[in-house]
Amino acid sequence: MAAFGIRDVVDTGIRVGCGVCAIAQPAITIERTDFGTFEPDVSHLGDDDLIRADAVCPFSDSTPDETQLAATLFSDEDPIQDRRIGRYSRLMSGYVTDAAAREQSSSGGLTNWMLESLLSKNT
Ligand code: SF4
């Protein structure tokens, strides 16, 4: 089976629009889609350019996956592992207690709450 490269990432739409490929390969332009997401244009890249972009895209087979990254972060003494989510040190959950803010959020509203709190304290 051929390696899954950045062209496959773009074609299948699994990209996150991080823009790292455009930094590594300046020939790549990033366009904003009608859905507000960011999409790199890799259609004009040659083989060498694609290899350079593959080397940084987190969804390409050329970069380490979560299991490989976890192996560098956790020791064998950290045995917490789940076949669905891999290795981890702790799992926590939470949500904001402001019902209106929670209703506006996609997953509990904690990220917005934390960022607003930090910005309001100017820290
Ligand atoms: S590096 Fe990969 S995920 Fe990031 S913008 Fe480029 S194609 Fe998308």
# chains A, B, ... in the order shown; residues from 1 in each chain; ligands from 1
>>> residues_around(residues="stretch 19-36 of chain A", least_positions_apart="3", cutoff="9 Å", atoms="only C-alpha atoms", output="CSV table (one decimal) with N, CA and C atoms, in the first residue's frame")
chain,number,residue,atom,x,y,z
A,6,ILE,N,0.7,14.1,1.9
A,6,ILE,CA,0.0,15.3,2.0
A,6,ILE,C,-1.1,15.5,1.0
A,16,VAL,N,-6.2,19.8,9.3
A,16,VAL,CA,-6.6,20.7,10.3
A,16,VAL,C,-6.3,22.1,9.9
A,39,GLU,N,-7.4,25.6,3.7
A,39,GLU,CA,-7.0,24.5,2.8
A,39,GLU,C,-5.8,24.8,2.0
A,40,PRO,N,-4.8,24.0,2.1
A,40,PRO,CA,-3.6,24.2,1.4
A,40,PRO,C,-3.7,23.8,-0.1
A,41,ASP,N,-3.1,24.5,-1.0
A,41,ASP,CA,-3.1,24.1,-2.4
A,41,ASP,C,-1.8,23.4,-2.7
A,42,VAL,N,-1.8,22.1,-2.9
A,42,VAL,CA,-0.6,21.3,-3.1
A,42,VAL,C,-0.6,20.7,-4.5
A,43,SER,N,-1.6,21.2,-5.3
A,43,SER,CA,-1.8,20.5,-6.6
A,43,SER,C,-0.6,20.8,-7.6
A,44,HIS,N,0.1,21.8,-7.4
A,44,HIS,CA,1.2,22.2,-8.4
A,44,HIS,C,2.6,21.7,-7.9
A,45,LEU,N,2.6,21.0,-6.8
A,45,LEU,CA,3.9,20.6,-6.2
A,45,LEU,C,4.6,19.5,-7.0
A,49,ASP,N,9.1,18.8,-3.7
A,49,ASP,CA,8.3,19.7,-2.8
A,49,ASP,C,7.3,18.9,-2.0
A,50,LEU,N,6.7,17.8,-2.5
A,50,LEU,CA,5.8,17.0,-1.8
A,50,LEU,C,6.5,16.3,-0.6
A,52,ARG,N,9.1,17.3,1.0
A,52,ARG,CA,9.3,18.3,2.1
A,52,ARG,C,8.1,18.6,2.9
A,53,ALA,N,6.9,18.7,2.2
A,53,ALA,CA,5.7,19.0,2.9
A,53,ALA,C,5.2,17.8,3.7
A,54,ASP,N,5.4,16.6,3.1
A,54,ASP,CA,5.0,15.4,3.8
A,54,ASP,C,5.7,15.3,5.2
A,55,ALA,N,6.9,15.7,5.2
A,55,ALA,CA,7.8,15.6,6.4
A,55,ALA,C,7.3,16.4,7.6
A,56,VAL,N,6.4,17.3,7.4
A,56,VAL,CA,5.9,18.1,8.5
A,56,VAL,C,4.4,18.0,8.7
A,57,CYS,N,3.6,17.4,7.8
A,57,CYS,CA,2.2,17.3,8.0
A,57,CYS,C,1.8,16.3,9.0
A,58,PRO,N,1.1,16.6,10.1
A,58,PRO,CA,0.8,15.7,11.1
A,58,PRO,C,0.0,14.5,10.7
>>> select_by_dssp(residues="stretch 8-55 of chain A", states="strand (DSSP E or B)", output="list in words")
Thr29, Ile30, Glu31, Arg32, Phe38, Glu39, Pro40 and Asp41 of chain A
>>> select_by_dssp(residues="stretch 3-35 of chain A", states="helix (DSSP H, G or I)", output="ChimeraX atom specification")
/A:6-12,20-24
>>> write_last_selection(atoms="C-alpha atoms", output="compact mmCIF listing (two decimals), in the first residue's frame")
# COMPACT_ATOMS: atom_id res chain seq x y z
CA ILE A 6 0.00 15.33 2.04
CA ARG A 7 -1.87 15.17 -1.27
CA ASP A 8 -4.07 12.41 0.25
CA VAL A 9 -4.51 14.54 3.36
CA VAL A 10 -5.83 17.43 1.30
CA ASP A 11 -7.95 15.25 -1.01
CA THR A 12 -9.67 13.41 1.86
CA VAL A 20 2.93 24.06 8.86
CA CYS A 21 3.28 22.69 5.33
CA ALA A 22 3.22 26.24 3.90
CA ILE A 23 6.04 27.22 6.23
CA ALA A 24 8.14 24.21 5.25
>>> atom_distance(atom1="atom CA of A:Cys18", atom2="atom CA of A:Thr37")
10.0 Å
>>> atom_distance(atom1="atom CA of A:Leu73", atom2="atom CA of A:Thr111")
24.1 Å
